[in-house]
Amino acid sequence: MPSKETNVQENSKESSSEMEIDACTLKAMSSSPSEKIHLRPMTLFDIDDFMVWATDINVTRFCTWEPYTSREAGIAFINNFVLPHPWLRAICLDDDRAIGSISVTPVDNIRGEIGYVIGSKYWGKGIATEAVRLVGEEIFKEKPEMERLEALVDVDNVGSQKVLEKVGFVREGVMRKFMCLKGNVRDMVMFSLLPSDSLL
Amino acid sequence: MELDSNETQPTVVVSSTPGRISLRPMTLSDVDDYMVWATDAKVARFCSWEPCTSREEGIKYITDSVLTHPWLRAICLEDDRPIGYILIMPVDNIRKEIGYVLARKYWGKGFATEAVRLVTAEIFKEMPEIERLEALVDVENVGSQRVLEKVGFTREGVMRKFIIMKGSVRDMVMFSFLPSDPLK
């Protein structure tokens, strides 16, 4: 180490401080969120945490659904949609409490569509990016028949577009008047990730 | 020319240049002309179907898939004989997809372009609920991409590994035309 530092100190101050950090640490710092997350199946026990994001109009803005207004409706949603879903995970912090969810839904035999939602209190911390990256790393091993993982994002949902770009999804183009969202026909940006793509 | 909104008796649509093409419903009596393109492997190359191998098979396909289709028109020359067909398929409540096939002898003469232009000019009046007319073209099917570009469709991007065609997963170019877009 000392000999490396000696060489480096001949160069600019900036590069010498970078050299003191090894490559692994640098990657971890640049790619991980400020809080560590993990993914696990969602259960009915998550209902109260679910209601935190599901009742938030800021969260539901680009979702096809309206904010939930009753715990009963939330329980019905978990029973009817979450539990039977082929691939849906709660996004959890260290305390294992759910702060959002992420899912991969089959479009057909070879295509899956990723979707995710995070409580607004946790926005801007790289959490969605990390959750999408975790899924991108694992999903093709879990589902070897999947040739394409895609995402459709409202043109106005810039935050979510940035998440996918940071993970390494390819922005394929804007599909005009593609989907009805809450009674309006929206332009949507199409993204895709293939098993052969490199994650960023 | 306006398309009759009564689906059971669609009017004949004639192109603006006399002596070019017209669109009309297909019938079983078109089977021999149908066989000309349906048996051609070069025509079938980017289609989901394999070339037809017998007249019986052709009759069966016309009966089961063509005559029952919600919106399909023969593309005819002056003699009213079909040289291909063009169709509109529902994707969902607001989106429809256009598809077309032409016998190889008639490629490179602008007939497909004219057929797509005719349909695009009329379809939004006939189906006012459509917000988006789209087309998916194999990345290698450059001829068909040019047809859509010449009519004024917008090339939105390449959807990678989008559909399985004859056992291979293909990259497809997505095109769209909105009611508000100008026809070229």
# chains A, B, ... in the order shown; residues from 1 in each chain; ligands from 1

$ select_by_dssp --residues "segment 69-194 of chain A" --states "strand (DSSP E or B)" --output "ChimeraX atom specification"
/A:88-92,98-106,111-118,148-154,170-181,184-193

$ residues_around --residues "Val163 of chain A" --least-positions-apart "4" --cutoff "12 Å" --atoms "only C-alpha atoms" --output "VMD selection string"
chain A and resid 31 33 115 to 117 123 to 133 151 153 157 to 159 167 to 171 191 200

$ write_last_selection --atoms "N, CA and C atoms" --output "mmCIF file, in the first residue's frame"
data_model
loop_
_atom_site.group_PDB
_atom_site.id
_atom_site.type_symbol
_atom_site.label_atom_id
_atom_site.label_comp_id
_atom_site.auth_asym_id
_atom_site.auth_seq_id
_atom_site.Cartn_x
_atom_site.Cartn_y
_atom_site.Cartn_z
ATOM 1 N N SER A 31 -23.714 2.645 -5.655
ATOM 2 C CA SER A 31 -24.942 1.990 -6.095
ATOM 3 C C SER A 31 -25.926 1.734 -4.964
ATOM 4 N N PRO A 33 -28.438 2.404 -1.726
ATOM 5 C CA PRO A 33 -29.219 3.507 -1.178
ATOM 6 C C PRO A 33 -28.689 3.886 0.205
ATOM 7 N N GLY A 115 -43.144 -3.590 -12.053
ATOM 8 C CA GLY A 115 -43.828 -2.419 -11.507
ATOM 9 C C GLY A 115 -43.423 -2.276 -10.063
ATOM 10 N N TYR A 116 -43.436 -1.057 -9.548
ATOM 11 C CA TYR A 116 -42.992 -0.838 -8.178
ATOM 12 C C TYR A 116 -43.644 0.416 -7.626
ATOM 13 N N VAL A 117 -43.795 0.415 -6.306
ATOM 14 C CA VAL A 117 -44.384 1.569 -5.635
ATOM 15 C C VAL A 117 -43.685 1.708 -4.279
ATOM 16 N N TRP A 123 -38.874 8.394 -0.876
ATOM 17 C CA TRP A 123 -38.414 8.768 -2.211
ATOM 18 C C TRP A 123 -37.059 9.464 -2.153
ATOM 19 N N GLY A 124 -36.334 9.443 -3.278
ATOM 20 C CA GLY A 124 -35.097 10.207 -3.384
ATOM 21 C C GLY A 124 -33.926 9.625 -2.628
ATOM 22 N N LYS A 125 -34.016 8.361 -2.194
ATOM 23 C CA LYS A 125 -32.912 7.755 -1.433
ATOM 24 C C LYS A 125 -32.287 6.583 -2.192
ATOM 25 N N GLY A 126 -32.717 6.375 -3.424
ATOM 26 C CA GLY A 126 -32.149 5.270 -4.193
ATOM 27 C C GLY A 126 -32.762 3.916 -3.885
ATOM 28 N N ILE A 127 -33.850 3.923 -3.137
ATOM 29 C CA ILE A 127 -34.456 2.656 -2.718
ATOM 30 C C ILE A 127 -35.111 1.931 -3.889
ATOM 31 N N ALA A 128 -35.877 2.663 -4.688
ATOM 32 C CA ALA A 128 -36.510 2.016 -5.846
ATOM 33 C C ALA A 128 -35.444 1.478 -6.793
ATOM 34 N N THR A 129 -34.396 2.273 -6.998
ATOM 35 C CA THR A 129 -33.294 1.831 -7.871
ATOM 36 C C THR A 129 -32.705 0.529 -7.372
ATOM 37 N N GLU A 130 -32.461 0.454 -6.053
ATOM 38 C CA GLU A 130 -31.881 -0.759 -5.490
ATOM 39 C C GLU A 130 -32.838 -1.938 -5.628
ATOM 40 N N ALA A 131 -34.118 -1.705 -5.376
ATOM 41 C CA ALA A 131 -35.104 -2.785 -5.493
ATOM 42 C C ALA A 131 -35.167 -3.291 -6.931
ATOM 43 N N VAL A 132 -35.200 -2.380 -7.894
ATOM 44 C CA VAL A 132 -35.251 -2.786 -9.309
ATOM 45 C C VAL A 132 -33.974 -3.524 -9.687
ATOM 46 N N ARG A 133 -32.837 -3.049 -9.159
ATOM 47 C CA ARG A 133 -31.567 -3.727 -9.460
ATOM 48 C C ARG A 133 -31.571 -5.150 -8.909
ATOM 49 N N ALA A 151 -40.838 -2.304 -18.820
ATOM 50 C CA ALA A 151 -41.517 -1.377 -17.926
ATOM 51 C C ALA A 151 -42.133 -0.272 -18.772
ATOM 52 N N VAL A 153 -43.673 3.514 -18.393
ATOM 53 C CA VAL A 153 -43.685 4.630 -17.448
ATOM 54 C C VAL A 153 -44.334 5.838 -18.102
ATOM 55 N N ASN A 157 -43.656 10.910 -15.530
ATOM 56 C CA ASN A 157 -43.086 10.303 -14.331
ATOM 57 C C ASN A 157 -41.571 10.180 -14.488
ATOM 58 N N VAL A 158 -40.914 11.327 -14.416
ATOM 59 C CA VAL A 158 -39.476 11.387 -14.691
ATOM 60 C C VAL A 158 -38.679 10.618 -13.644
ATOM 61 N N GLY A 159 -39.120 10.688 -12.381
ATOM 62 C CA GLY A 159 -38.418 9.982 -11.306
ATOM 63 C C GLY A 159 -38.306 8.497 -11.579
ATOM 64 N N VAL A 167 -30.493 1.693 -13.415
ATOM 65 C CA VAL A 167 -30.255 0.253 -13.279
ATOM 66 C C VAL A 167 -29.668 -0.329 -14.569
ATOM 67 N N GLY A 168 -29.983 0.310 -15.698
ATOM 68 C CA GLY A 168 -29.438 -0.191 -16.962
ATOM 69 C C GLY A 168 -30.502 -0.645 -17.946
ATOM 70 N N PHE A 169 -31.770 -0.350 -17.678
ATOM 71 C CA PHE A 169 -32.816 -0.657 -18.647
ATOM 72 C C PHE A 169 -32.584 0.221 -19.877
ATOM 73 N N VAL A 170 -32.974 -0.294 -21.031
ATOM 74 C CA VAL A 170 -32.860 0.468 -22.277
ATOM 75 C C VAL A 170 -34.160 1.210 -22.525
ATOM 76 N N ARG A 171 -34.062 2.505 -22.769
ATOM 77 C CA ARG A 171 -35.233 3.319 -23.096
ATOM 78 C C ARG A 171 -35.504 3.140 -24.583
ATOM 79 N N PHE A 191 -39.416 0.738 -21.586
ATOM 80 C CA PHE A 191 -38.055 0.340 -21.214
ATOM 81 C C PHE A 191 -37.974 -1.181 -21.267
ATOM 82 N N LEU A 200 -26.138 -1.758 -14.509
ATOM 83 C CA LEU A 200 -25.198 -0.678 -14.176
ATOM 84 C C LEU A 200 -24.884 -0.663 -12.681
#

$ closest_residue --among "A:Val107, A:Lys121, A:Pro144, A:Glu165" --to "chain B" --atoms "only C-alpha atoms"
A:Val107

$ closest_atom_pairs --of "chain A" --to "chain B" --cutoff "9 Å" --atoms "only C-alpha atoms" --output "JSON lines"
{"residue": "A:Ile110", "atom": "CA", "partner": "B:Ile163", "partner_atom": "CA", "distance": 8.0}
{"residue": "A:Arg111", "atom": "CA", "partner": "B:Phe162", "partner_atom": "CA", "distance": 7.5}
{"residue": "A:Glu147", "atom": "CA", "partner": "B:Lys161", "partner_atom": "CA", "distance": 6.5}
{"residue": "A:Arg148", "atom": "CA", "partner": "B:Lys161", "partner_atom": "CA", "distance": 6.2}
{"residue": "A:Arg171", "atom": "CA", "partner": "B:Gly157", "partner_atom": "CA", "distance": 9.0}
{"residue": "A:Glu172", "atom": "CA", "partner": "B:Gly157", "partner_atom": "CA", "distance": 5.4}
{"residue": "A:Gly173", "atom": "CA", "partner": "B:Gly157", "partner_atom": "CA", "distance": 4.9}
{"residue": "A:Val174", "atom": "CA", "partner": "B:Glu156", "partner_atom": "CA", "distance": 6.0}
{"residue": "A:Met175", "atom": "CA", "partner": "B:Glu156", "partner_atom": "CA", "distance": 6.3}
{"residue": "A:Arg176", "atom": "CA", "partner": "B:Ser176", "partner_atom": "CA", "distance": 7.4}
{"residue": "A:Lys177", "atom": "CA", "partner": "B:Arg132", "partner_atom": "CA", "distance": 6.2}
{"residue": "A:Phe178", "atom": "CA", "partner": "B:Arg132", "partner_atom": "CA", "distance": 7.2}
{"residue": "A:Met179", "atom": "CA", "partner": "B:Ile94", "partner_atom": "CA", "distance": 8.0}
{"residue": "A:Cys180", "atom": "CA", "partner": "B:Ile94", "partner_atom": "CA", "distance": 8.2}
{"residue": "A:Val185", "atom": "CA", "partner": "B:Glu131", "partner_atom": "CA", "distance": 7.9}
{"residue": "A:Met190", "atom": "CA", "partner": "B:Met159", "partner_atom": "CA", "distance": 8.2}
{"residue": "A:Phe191", "atom": "CA", "partner": "B:Met159", "partner_atom": "CA", "distance": 8.6}
{"residue": "A:Ser192", "atom": "CA", "partner": "B:Arg160", "partner_atom": "CA", "distance": 7.4}
{"residue": "A:Leu193", "atom": "CA", "partner": "B:Arg160", "partner_atom": "CA", "distance": 8.8}
{"residue": "A:Leu194", "atom": "CA", "partner": "B:Lys161", "partner_atom": "CA", "distance": 8.0}

$ closest_residue --among "A:Arg186, A:Phe140, A:Val82, A:Ser160" --to "Pro41 of chain A" --atoms "only C-alpha atoms"
A:Val82

$ residues_around --residues "segment 72-89 of chain B" --least-positions-apart "6" --cutoff "7 Å" --atoms "only C-alpha atoms" --output "list in words"
Gly19, Arg20, Ile21, Ser22, Leu23, Arg24, Pro25, Met26, Asp33, Lys96, Glu97, Ile98, Gly99, Tyr100, Val101, Leu102, Ala103 and Ala115 of chain B

$ write_last_selection --atoms "N, CA, C and O atoms" --output "PDB file, in the first residue's frame"
ATOM      1  N   GLY B  19     -57.332   3.790 -61.600  1.00  0.00           N
ATOM      2  CA  GLY B  19     -56.489   2.762 -62.193  1.00  0.00           C
ATOM      3  C   GLY B  19     -55.524   2.167 -61.205  1.00  0.00           C
ATOM      4  O   GLY B  19     -54.757   1.285 -61.566  1.00  0.00           O
ATOM      5  N   ARG B  20     -55.539   2.585 -59.978  1.00  0.00           N
ATOM      6  CA  ARG B  20     -54.651   1.994 -58.987  1.00  0.00           C
ATOM      7  C   ARG B  20     -55.406   0.914 -58.214  1.00  0.00           C
ATOM      8  O   ARG B  20     -55.831  -0.054 -58.780  1.00  0.00           O
ATOM      9  N   ILE B  21     -55.593   1.085 -56.925  1.00  0.00           N
ATOM     10  CA  ILE B  21     -56.169  -0.029 -56.168  1.00  0.00           C
ATOM     11  C   ILE B  21     -57.505   0.337 -55.529  1.00  0.00           C
ATOM     12  O   ILE B  21     -57.829   1.512 -55.367  1.00  0.00           O
ATOM     13  N   SER B  22     -58.260  -0.698 -55.183  1.00  0.00           N
ATOM     14  CA  SER B  22     -59.465  -0.502 -54.393  1.00  0.00           C
ATOM     15  C   SER B  22     -59.502  -1.569 -53.300  1.00  0.00           C
ATOM     16  O   SER B  22     -58.822  -2.599 -53.402  1.00  0.00           O
ATOM     17  N   LEU B  23     -60.265  -1.306 -52.264  1.00  0.00           N
ATOM     18  CA  LEU B  23     -60.399  -2.258 -51.149  1.00  0.00           C
ATOM     19  C   LEU B  23     -61.833  -2.755 -51.104  1.00  0.00           C
ATOM     20  O   LEU B  23     -62.777  -1.968 -51.253  1.00  0.00           O
ATOM     21  N   ARG B  24     -61.998  -4.049 -50.906  1.00  0.00           N
ATOM     22  CA  ARG B  24     -63.347  -4.635 -50.754  1.00  0.00           C
ATOM     23  C   ARG B  24     -63.236  -5.888 -49.903  1.00  0.00           C
ATOM     24  O   ARG B  24     -62.151  -6.433 -49.712  1.00  0.00           O
ATOM     25  N   PRO B  25     -64.377  -6.348 -49.367  1.00  0.00           N
ATOM     26  CA  PRO B  25     -64.328  -7.589 -48.588  1.00  0.00           C
ATOM     27  C   PRO B  25     -63.848  -8.744 -49.458  1.00  0.00           C
ATOM     28  O   PRO B  25     -64.039  -8.745 -50.678  1.00  0.00           O
ATOM     29  N   MET B  26     -63.209  -9.718 -48.791  1.00  0.00           N
ATOM     30  CA  MET B  26     -62.763 -10.901 -49.518  1.00  0.00           C
ATOM     31  C   MET B  26     -63.870 -11.940 -49.512  1.00  0.00           C
ATOM     32  O   MET B  26     -64.696 -11.973 -48.610  1.00  0.00           O
ATOM     33  N   ASP B  33     -56.656 -16.476 -56.281  1.00  0.00           N
ATOM     34  CA  ASP B  33     -55.755 -15.329 -56.160  1.00  0.00           C
ATOM     35  C   ASP B  33     -55.076 -15.344 -54.798  1.00  0.00           C
ATOM     36  O   ASP B  33     -53.900 -15.003 -54.670  1.00  0.00           O
ATOM     37  N   LYS B  96     -55.677  -0.060 -32.067  1.00  0.00           N
ATOM     38  CA  LYS B  96     -55.851  -1.077 -33.107  1.00  0.00           C
ATOM     39  C   LYS B  96     -54.516  -1.261 -33.807  1.00  0.00           C
ATOM     40  O   LYS B  96     -53.701  -0.346 -33.859  1.00  0.00           O
ATOM     41  N   GLU B  97     -54.336  -2.467 -34.373  1.00  0.00           N
ATOM     42  CA  GLU B  97     -53.097  -2.769 -35.086  1.00  0.00           C
ATOM     43  C   GLU B  97     -53.399  -3.016 -36.546  1.00  0.00           C
ATOM     44  O   GLU B  97     -54.370  -3.698 -36.878  1.00  0.00           O
ATOM     45  N   ILE B  98     -52.578  -2.484 -37.438  1.00  0.00           N
ATOM     46  CA  ILE B  98     -52.767  -2.676 -38.879  1.00  0.00           C
ATOM     47  C   ILE B  98     -51.781  -3.723 -39.376  1.00  0.00           C
ATOM     48  O   ILE B  98     -50.644  -3.804 -38.899  1.00  0.00           O
ATOM     49  N   GLY B  99     -52.253  -4.551 -40.300  1.00  0.00           N
ATOM     50  CA  GLY B  99     -51.383  -5.553 -40.921  1.00  0.00           C
ATOM     51  C   GLY B  99     -51.740  -5.667 -42.394  1.00  0.00           C
ATOM     52  O   GLY B  99     -52.867  -5.345 -42.783  1.00  0.00           O
ATOM     53  N   TYR B 100     -50.787  -6.107 -43.231  1.00  0.00           N
ATOM     54  CA  TYR B 100     -51.061  -6.181 -44.663  1.00  0.00           C
ATOM     55  C   TYR B 100     -50.108  -7.184 -45.302  1.00  0.00           C
ATOM     56  O   TYR B 100     -49.003  -7.421 -44.798  1.00  0.00           O
ATOM     57  N   VAL B 101     -50.572  -7.758 -46.404  1.00  0.00           N
ATOM     58  CA  VAL B 101     -49.747  -8.710 -47.141  1.00  0.00           C
ATOM     59  C   VAL B 101     -50.034  -8.523 -48.630  1.00  0.00           C
ATOM     60  O   VAL B 101     -51.168  -8.229 -49.022  1.00  0.00           O
ATOM     61  N   LEU B 102     -48.980  -8.643 -49.421  1.00  0.00           N
ATOM     62  CA  LEU B 102     -49.097  -8.390 -50.857  1.00  0.00           C
ATOM     63  C   LEU B 102     -48.353  -9.480 -51.604  1.00  0.00           C
ATOM     64  O   LEU B 102     -47.252  -9.873 -51.199  1.00  0.00           O
ATOM     65  N   ALA B 103     -48.920  -9.946 -52.717  1.00  0.00           N
ATOM     66  CA  ALA B 103     -48.213 -10.917 -53.553  1.00  0.00           C
ATOM     67  C   ALA B 103     -46.910 -10.292 -54.063  1.00  0.00           C
ATOM     68  O   ALA B 103     -46.853  -9.108 -54.383  1.00  0.00           O
ATOM     69  N   ALA B 115     -52.566   1.250 -50.067  1.00  0.00           N
ATOM     70  CA  ALA B 115     -53.579   0.572 -49.250  1.00  0.00           C
ATOM     71  C   ALA B 115     -53.541   1.068 -47.819  1.00  0.00           C
ATOM     72  O   ALA B 115     -54.581   1.354 -47.213  1.00  0.00           O
TER      73      ALA B 115
END

$ closest_residue --among "B:Asp171, B:Asp40, B:Glu126, B:Asp32" --to "Trp71 of chain B" --atoms "only C-alpha atoms"
B:Glu126

$ atom_distance --atom1 "atom CA of Glu137 of chain A" --atom2 "atom CA of Gln161 of chain A"
18.6 Å

$ atom_distance --atom1 "atom CA of Glu145 of chain A" --atom2 "atom CA of Leu88 of chain A"
17.9 Å

$ atom_distance --atom1 "atom CA of Met172 of chain B" --atom2 "atom CA of Ser48 of chain B"
13.2 Å

$ select_by_dssp --residues "segment 15-78 of chain B" --states "alpha helix (DSSP H)" --output "list in words"
Val31, Asp32, Asp33, Tyr34, Met35, Val36, Trp37, Ala38, Ala41, Lys42, Val43, Ala44, Arg55, Glu56, Glu57, Gly58, Ile59, Lys60 and Tyr61 of chain B

$ write_last_selection --atoms "N, CA and C atoms" --output "compact mmCIF listing (two decimals), in the first residue's frame"
# COMPACT_ATOMS: atom_id res chain seq x y z
N VAL B 31 -60.24 -17.44 -53.76
CA VAL B 31 -59.27 -18.43 -53.27
C VAL B 31 -58.06 -18.61 -54.19
N ASP B 32 -58.27 -18.63 -55.50
CA ASP B 32 -57.12 -18.86 -56.38
C ASP B 32 -56.14 -17.70 -56.35
N ASP B 33 -56.66 -16.48 -56.28
CA ASP B 33 -55.75 -15.33 -56.16
C ASP B 33 -55.08 -15.34 -54.80
N TYR B 34 -55.83 -15.74 -53.76
CA TYR B 34 -55.27 -15.86 -52.42
C TYR B 34 -54.09 -16.83 -52.41
N MET B 35 -54.24 -17.96 -53.10
CA MET B 35 -53.19 -18.98 -53.11
C MET B 35 -51.88 -18.43 -53.69
N VAL B 36 -51.97 -17.44 -54.58
CA VAL B 36 -50.75 -16.90 -55.20
C VAL B 36 -49.81 -16.37 -54.12
N TRP B 37 -50.35 -15.56 -53.15
CA TRP B 37 -49.44 -15.05 -52.12
C TRP B 37 -49.33 -15.98 -50.94
N ALA B 38 -50.38 -16.76 -50.65
CA ALA B 38 -50.37 -17.57 -49.44
C ALA B 38 -49.43 -18.76 -49.51
N ALA B 41 -43.27 -18.54 -49.88
CA ALA B 41 -42.46 -18.49 -48.66
C ALA B 41 -41.86 -17.11 -48.45
N LYS B 42 -41.57 -16.40 -49.53
CA LYS B 42 -40.99 -15.06 -49.38
C LYS B 42 -42.03 -14.10 -48.81
N VAL B 43 -43.27 -14.28 -49.19
CA VAL B 43 -44.35 -13.44 -48.65
C VAL B 43 -44.57 -13.79 -47.17
N ALA B 44 -44.52 -15.10 -46.86
CA ALA B 44 -44.82 -15.56 -45.50
C ALA B 44 -43.69 -15.29 -44.53
N ARG B 55 -55.03 -26.19 -51.95
CA ARG B 55 -56.21 -25.35 -52.17
C ARG B 55 -57.25 -25.57 -51.06
N GLU B 56 -57.33 -26.82 -50.57
CA GLU B 56 -58.27 -27.13 -49.48
C GLU B 56 -57.90 -26.34 -48.24
N GLU B 57 -56.57 -26.32 -47.97
CA GLU B 57 -56.08 -25.57 -46.82
C GLU B 57 -56.41 -24.08 -46.98
N GLY B 58 -56.26 -23.59 -48.21
CA GLY B 58 -56.56 -22.20 -48.51
C GLY B 58 -58.03 -21.89 -48.27
N ILE B 59 -58.92 -22.78 -48.74
CA ILE B 59 -60.36 -22.58 -48.55
C ILE B 59 -60.68 -22.57 -47.07
N LYS B 60 -60.07 -23.51 -46.34
CA LYS B 60 -60.32 -23.59 -44.89
C LYS B 60 -59.87 -22.31 -44.20
N TYR B 61 -58.67 -21.80 -44.58
CA TYR B 61 -58.16 -20.59 -43.94
C TYR B 61 -59.05 -19.39 -44.23

$ closest_residue --among "B:Thr27, B:Thr53, B:Ser144, B:Thr63" --to "Phe111 of chain B" --atoms "only C-alpha atoms"
B:Ser144

$ residues_around --residues "segment 53-70 of chain A" --least-positions-apart "2" --cutoff "6 Å" --atoms "only C-alpha atoms" --output "PDB file with N, CA and C atoms, in the first residue's frame"
ATOM      1  N   PHE A  50     -48.889  -1.214   4.341  1.00  0.00           N
ATOM      2  CA  PHE A  50     -49.459  -1.055   3.002  1.00  0.00           C
ATOM      3  C   PHE A  50     -50.324   0.198   2.943  1.00  0.00           C
ATOM      4  N   MET A  51     -51.149   0.407   3.960  1.00  0.00           N
ATOM      5  CA  MET A  51     -52.071   1.554   3.947  1.00  0.00           C
ATOM      6  C   MET A  51     -51.309   2.882   3.927  1.00  0.00           C
ATOM      7  N   GLU A  72     -60.440  -2.307   5.043  1.00  0.00           N
ATOM      8  CA  GLU A  72     -61.096  -3.498   4.470  1.00  0.00           C
ATOM      9  C   GLU A  72     -60.717  -3.647   2.996  1.00  0.00           C
ATOM     10  N   ALA A  73     -60.732  -2.516   2.284  1.00  0.00           N
ATOM     11  CA  ALA A  73     -60.366  -2.573   0.864  1.00  0.00           C
ATOM     12  C   ALA A  73     -58.915  -2.996   0.704  1.00  0.00           C
ATOM     13  N   GLY A 119     -43.448   4.226  -0.602  1.00  0.00           N
ATOM     14  CA  GLY A 119     -44.012   5.316   0.191  1.00  0.00           C
ATOM     15  C   GLY A 119     -43.238   6.601  -0.052  1.00  0.00           C
ATOM     16  N   LEU A 181     -55.108   5.924 -18.299  1.00  0.00           N
ATOM     17  CA  LEU A 181     -54.792   6.035 -16.888  1.00  0.00           C
ATOM     18  C   LEU A 181     -55.817   6.976 -16.281  1.00  0.00           C
TER      19      LEU A 181
END

$ closest_residue --among "B:Pro70, B:Ala121, B:Ser29, B:Arg170" --to "Val139 of chain B" --atoms "only C-alpha atoms"
B:Arg170

$ decode --residues "segment 153-169 of chain A" --atoms "N, CA, C and O atoms" --output "PDB file, in the first residue's frame"
ATOM      1  N   VAL A 153     -43.673   3.514 -18.393  1.00  0.00           N
ATOM      2  CA  VAL A 153     -43.685   4.630 -17.448  1.00  0.00           C
ATOM      3  C   VAL A 153     -44.334   5.838 -18.102  1.00  0.00           C
ATOM      4  O   VAL A 153     -44.009   6.176 -19.244  1.00  0.00           O
ATOM      5  N   ASP A 154     -45.226   6.475 -17.387  1.00  0.00           N
ATOM      6  CA  ASP A 154     -45.862   7.694 -17.882  1.00  0.00           C
ATOM      7  C   ASP A 154     -44.785   8.713 -18.284  1.00  0.00           C
ATOM      8  O   ASP A 154     -43.777   8.863 -17.586  1.00  0.00           O
ATOM      9  N   VAL A 155     -44.994   9.416 -19.414  1.00  0.00           N
ATOM     10  CA  VAL A 155     -43.993  10.402 -19.859  1.00  0.00           C
ATOM     11  C   VAL A 155     -43.693  11.443 -18.791  1.00  0.00           C
ATOM     12  O   VAL A 155     -42.582  11.947 -18.709  1.00  0.00           O
ATOM     13  N   ASP A 156     -44.671  11.750 -17.944  1.00  0.00           N
ATOM     14  CA  ASP A 156     -44.452  12.762 -16.917  1.00  0.00           C
ATOM     15  C   ASP A 156     -43.776  12.212 -15.659  1.00  0.00           C
ATOM     16  O   ASP A 156     -43.380  12.978 -14.787  1.00  0.00           O
ATOM     17  N   ASN A 157     -43.656  10.910 -15.530  1.00  0.00           N
ATOM     18  CA  ASN A 157     -43.086  10.303 -14.331  1.00  0.00           C
ATOM     19  C   ASN A 157     -41.571  10.180 -14.488  1.00  0.00           C
ATOM     20  O   ASN A 157     -41.012   9.083 -14.616  1.00  0.00           O
ATOM     21  N   VAL A 158     -40.914  11.327 -14.416  1.00  0.00           N
ATOM     22  CA  VAL A 158     -39.476  11.387 -14.691  1.00  0.00           C
ATOM     23  C   VAL A 158     -38.679  10.618 -13.644  1.00  0.00           C
ATOM     24  O   VAL A 158     -37.678   9.961 -13.949  1.00  0.00           O
ATOM     25  N   GLY A 159     -39.120  10.688 -12.381  1.00  0.00           N
ATOM     26  CA  GLY A 159     -38.418   9.982 -11.306  1.00  0.00           C
ATOM     27  C   GLY A 159     -38.306   8.497 -11.579  1.00  0.00           C
ATOM     28  O   GLY A 159     -37.250   7.884 -11.420  1.00  0.00           O
ATOM     29  N   SER A 160     -39.403   7.901 -12.011  1.00  0.00           N
ATOM     30  CA  SER A 160     -39.403   6.468 -12.281  1.00  0.00           C
ATOM     31  C   SER A 160     -38.576   6.129 -13.523  1.00  0.00           C
ATOM     32  O   SER A 160     -37.936   5.076 -13.573  1.00  0.00           O
ATOM     33  N   GLN A 161     -38.587   7.032 -14.511  1.00  0.00           N
ATOM     34  CA  GLN A 161     -37.736   6.798 -15.690  1.00  0.00           C
ATOM     35  C   GLN A 161     -36.270   6.762 -15.272  1.00  0.00           C
ATOM     36  O   GLN A 161     -35.488   5.931 -15.745  1.00  0.00           O
ATOM     37  N   LYS A 162     -35.892   7.673 -14.367  1.00  0.00           N
ATOM     38  CA  LYS A 162     -34.497   7.727 -13.916  1.00  0.00           C
ATOM     39  C   LYS A 162     -34.105   6.448 -13.182  1.00  0.00           C
ATOM     40  O   LYS A 162     -32.967   5.982 -13.297  1.00  0.00           O
ATOM     41  N   VAL A 163     -35.024   5.890 -12.403  1.00  0.00           N
ATOM     42  CA  VAL A 163     -34.750   4.628 -11.692  1.00  0.00           C
ATOM     43  C   VAL A 163     -34.309   3.560 -12.695  1.00  0.00           C
ATOM     44  O   VAL A 163     -33.272   2.916 -12.541  1.00  0.00           O
ATOM     45  N   LEU A 164     -35.099   3.386 -13.726  1.00  0.00           N
ATOM     46  CA  LEU A 164     -34.824   2.329 -14.705  1.00  0.00           C
ATOM     47  C   LEU A 164     -33.528   2.599 -15.462  1.00  0.00           C
ATOM     48  O   LEU A 164     -32.747   1.674 -15.723  1.00  0.00           O
ATOM     49  N   GLU A 165     -33.292   3.868 -15.811  1.00  0.00           N
ATOM     50  CA  GLU A 165     -32.054   4.203 -16.518  1.00  0.00           C
ATOM     51  C   GLU A 165     -30.836   3.928 -15.645  1.00  0.00           C
ATOM     52  O   GLU A 165     -29.828   3.398 -16.130  1.00  0.00           O
ATOM     53  N   LYS A 166     -30.941   4.239 -14.362  1.00  0.00           N
ATOM     54  CA  LYS A 166     -29.801   4.025 -13.460  1.00  0.00           C
ATOM     55  C   LYS A 166     -29.482   2.538 -13.312  1.00  0.00           C
ATOM     56  O   LYS A 166     -28.335   2.161 -13.089  1.00  0.00           O
ATOM     57  N   VAL A 167     -30.493   1.693 -13.415  1.00  0.00           N
ATOM     58  CA  VAL A 167     -30.255   0.253 -13.279  1.00  0.00           C
ATOM     59  C   VAL A 167     -29.668  -0.329 -14.569  1.00  0.00           C
ATOM     60  O   VAL A 167     -28.941  -1.316 -14.515  1.00  0.00           O
ATOM     61  N   GLY A 168     -29.983   0.310 -15.698  1.00  0.00           N
ATOM     62  CA  GLY A 168     -29.438  -0.191 -16.962  1.00  0.00           C
ATOM     63  C   GLY A 168     -30.502  -0.645 -17.946  1.00  0.00           C
ATOM     64  O   GLY A 168     -30.180  -1.269 -18.965  1.00  0.00           O
ATOM     65  N   PHE A 169     -31.770  -0.350 -17.678  1.00  0.00           N
ATOM     66  CA  PHE A 169     -32.816  -0.657 -18.647  1.00  0.00           C
ATOM     67  C   PHE A 169     -32.584   0.221 -19.877  1.00  0.00           C
ATOM     68  O   PHE A 169     -32.098   1.342 -19.767  1.00  0.00           O
TER      69      PHE A 169
END
